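Peer 1: Sharing a structure here in structure tokens format.
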Amino acid sequence: MSERLQKYLANQGLGSRREIERWIVEGRIKVNGVIATLGCQVSAKDNIVLDDKRLQCDSEKQPTEVIIYHKPQGEITSRDDPEGRPTIFKHLPRLNSGRWIAVGRLDFNTSGLLLLTNNGELANRLMHPSSELEREYAVRVFGDVTPQTLERLQQGVRLDDGMARFHKIIDAGGEGRNHWYHVILTEGRNREVRRLWESQGVTVSRLIRVRYGSIALPRGLRQGDTLALTKQQIRQLEANCKKS
């Protein structure tokens, strides 16, 4: 049985569908010696090559696995970095086949919950804007935050890449001008939490993701450690993003 190349490779855990589509557009994938195009059909009998390296594809789809990684500050979410900074992928458990795919990213100075899966289709659905999955962050800010500031951040602020807003802001306490809030968004634009606060003249001094969809950062999971989700938790995640 054949299926679209990007879906086939995503199901093999070789990348998210969006990432694989980019490889195809860039001409990096060949199928049976011919440069692939978006939408071409493949099966297990085809010879698929990425950057002149043959991809090892299993005839059967691997069971879906999802893990939580408690990311510390000072690590990047990419596999390779020209600056030689530490990457999260050096600390993850080994897979029998495929590879871990990060569900979204956390920037170098952000810590907290990061989901990773071997199922590229699931990763794509979890990240897709139409899923509207909530991302919750604990954020410590430095500066004067008035009721008017909080109202503007929830009504909407124009950033360089369009309008953005927090769907909810919860006061989490603190002393003086260093104050904690929990903020909730339903999209994952680059540095969006920091840029929203900075648009109001407020500096973010600490940022921690504490929840993604139905999955919260477990108490007691130390920075740099991982935890596998149960089958029930994976089913709940899949159900939450079915509409995408």
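How things are named: the first chain in the structure tokens is A, the next is B, and so on; residues count from 1 in each chain; ligands count from 1 in the order shown.
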Taking the backbone alone, and naming residues the way the document does, which bits of range 131-160 of chain A are alpha helix (DSSP H) by DSSP, as a ChimeraX atom specification?

Peer 2: /A:147-155

Peer 1: Which residues, written as an MDAnalysis selection string, have at least one atom at most 12 Å from Gly156 in chain A, with only C-alpha atoms counted and residues fewer than 2 positions away on the same chain left out?

Peer 2: chainID A and resid 149:154 158:159 162:168 185 196:197 199:200

Peer 1: Write out as a ChimeraX atom specification which residues come within 12 Å of Ile76 in chain A when counting only C-alpha atoms, dropping same-chain ones fewer than 2 positions away.

Peer 2: /A:71-74,78-91,102,104-111,114

Peer 1: Those selected residues, please, written with C-alpha atoms and delivered as a CSV table (one decimal), in the first residue's frame.

Peer 2:
chain,number,residue,atom,x,y,z
A,71,LYS,CA,14.6,21.1,29.6
A,72,PRO,CA,17.1,23.2,31.5
A,73,GLN,CA,18.2,26.7,30.4
A,74,GLY,CA,21.3,26.6,28.2
A,78,SER,CA,18.0,21.6,17.4
A,79,ARG,CA,20.1,18.6,16.7
A,80,ASP,CA,23.1,20.6,15.4
A,81,ASP,CA,24.3,24.1,16.3
A,82,PRO,CA,27.0,26.0,14.4
A,83,GLU,CA,27.9,27.6,17.8
A,84,GLY,CA,28.5,24.3,19.4
A,85,ARG,CA,25.9,24.8,22.2
A,86,PRO,CA,24.5,21.8,24.1
A,87,THR,CA,21.5,20.1,22.5
A,88,ILE,CA,18.6,18.3,24.2
A,89,PHE,CA,19.0,15.3,21.9
A,90,LYS,CA,22.2,14.2,23.7
A,91,HIS,CA,20.1,13.4,26.9
A,102,ALA,CA,10.4,17.7,19.2
A,104,GLY,CA,7.6,22.7,19.1
A,105,ARG,CA,10.6,24.3,20.6
A,106,LEU,CA,11.9,26.1,23.7
A,107,ASP,CA,14.5,28.7,23.2
A,108,PHE,CA,18.0,28.6,24.7
A,109,ASN,CA,17.0,30.6,27.8
A,110,THR,CA,13.6,28.9,28.4
A,111,SER,CA,13.2,25.8,30.6
A,114,LEU,CA,9.2,19.7,26.1

Peer 1: Interatomic distance between CA of Tyr137 in chain A and CA of Asp171 in chain A?

Peer 2: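 For CA of Tyr137 in chain A relative to CA of Asp171 in chain A, the distance reads 12.0 Å.
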
Peer 1: As a VMD selection string, which residues of range 21-196 of chain A does DSSP assign to strand (DSSP E or B)?

Peer 2: chain A and resid 29 to 31 34 to 35 41 to 42 48 to 50 53 to 54 66 to 71 76 87 101 to 102 111 to 117 135 to 142 157 to 159 162 to 164 168 to 175 178 to 185

Peer 1: Range 118-130 of chain A: which residues within 7 Å, counting only C-alpha atoms, same-chain residues fewer than 3 positions away excluded, as a PyMOL selection string?

Peer 2: chain A and resi 7+10-18+64-66+98-101+103-104+187+241+244

Peer 1: What does the structure give for the distance between CA of Thr230 in chain A and CA of Val210 in chain A, in Å to one decimal?

Peer 2: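 Spanning CA of Thr230 in chain A to CA of Val210 in chain A is a straight-line distance of 18.5 Å.
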
Peer 1: When you look at Val202 in chain A with a cut-off of 8 Å (counting only C-alpha atoms), what residues show up, excluding the ones that are within fewer than 3 positions of it in the same chain? I need them as a PyMOL selection string.

Peer 2: chain A and resi 141-145+197-199

Peer 1: What separation in Å, quoted to one decimal, exists between CA of Asp161 in chain A and CA of Thr77 in chain A?

Peer 2: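 CA of Asp161 in chain A sits 21.9 Å away from CA of Thr77 in chain A.
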
Peer 1: Which residues, written as a ChimeraX atom specification, have at least one atom at most 12 Å from Leu221 in chain A, with only C-alpha atoms counted and residues fewer than 2 positions away on the same chain left out?

Peer 2: /A:68-72,112-113,210,216-219,223-228

Peer 1: May I have the residues within 6 Å of range 41-51 of chain A as a compact mmCIF listing (two decimals) with N, CA and C atoms, in the first residue's frame, using only C-alpha atoms and disregarding those fewer than 6 positions away in the same chain?

Peer 2:
# COMPACT_ATOMS: atom_id res chain seq x y z
N SER A 2 0.63 2.17 -0.91
CA SER A 2 1.44 3.38 -1.00
C SER A 2 0.74 4.55 -0.32
N GLU A 3 1.53 5.55 0.06
CA GLU A 3 1.00 6.78 0.63
C GLU A 3 1.94 7.93 0.31
N ARG A 4 1.49 9.15 0.57
CA ARG A 4 2.31 10.31 0.25
C ARG A 4 3.64 10.25 1.00
N LEU A 5 4.70 10.67 0.30
CA LEU A 5 6.06 10.56 0.82
C LEU A 5 6.19 11.20 2.20
N ARG A 28 16.15 17.65 -1.44
CA ARG A 28 17.10 16.81 -0.70
C ARG A 28 16.73 15.33 -0.72
N ILE A 29 15.52 14.99 -1.16
CA ILE A 29 15.07 13.60 -1.14
C ILE A 29 14.93 13.07 -2.56
N LYS A 30 15.44 11.85 -2.77
CA LYS A 30 15.26 11.15 -4.03
C LYS A 30 14.52 9.84 -3.77
N VAL A 31 13.63 9.49 -4.70
CA VAL A 31 12.91 8.22 -4.65
C VAL A 31 13.27 7.44 -5.91
N ASN A 32 13.92 6.30 -5.70
CA ASN A 32 14.37 5.46 -6.83
C ASN A 32 15.22 6.26 -7.81
N SER A 59 8.79 -1.97 7.32
CA SER A 59 7.55 -2.27 6.59
C SER A 59 6.32 -2.03 7.46
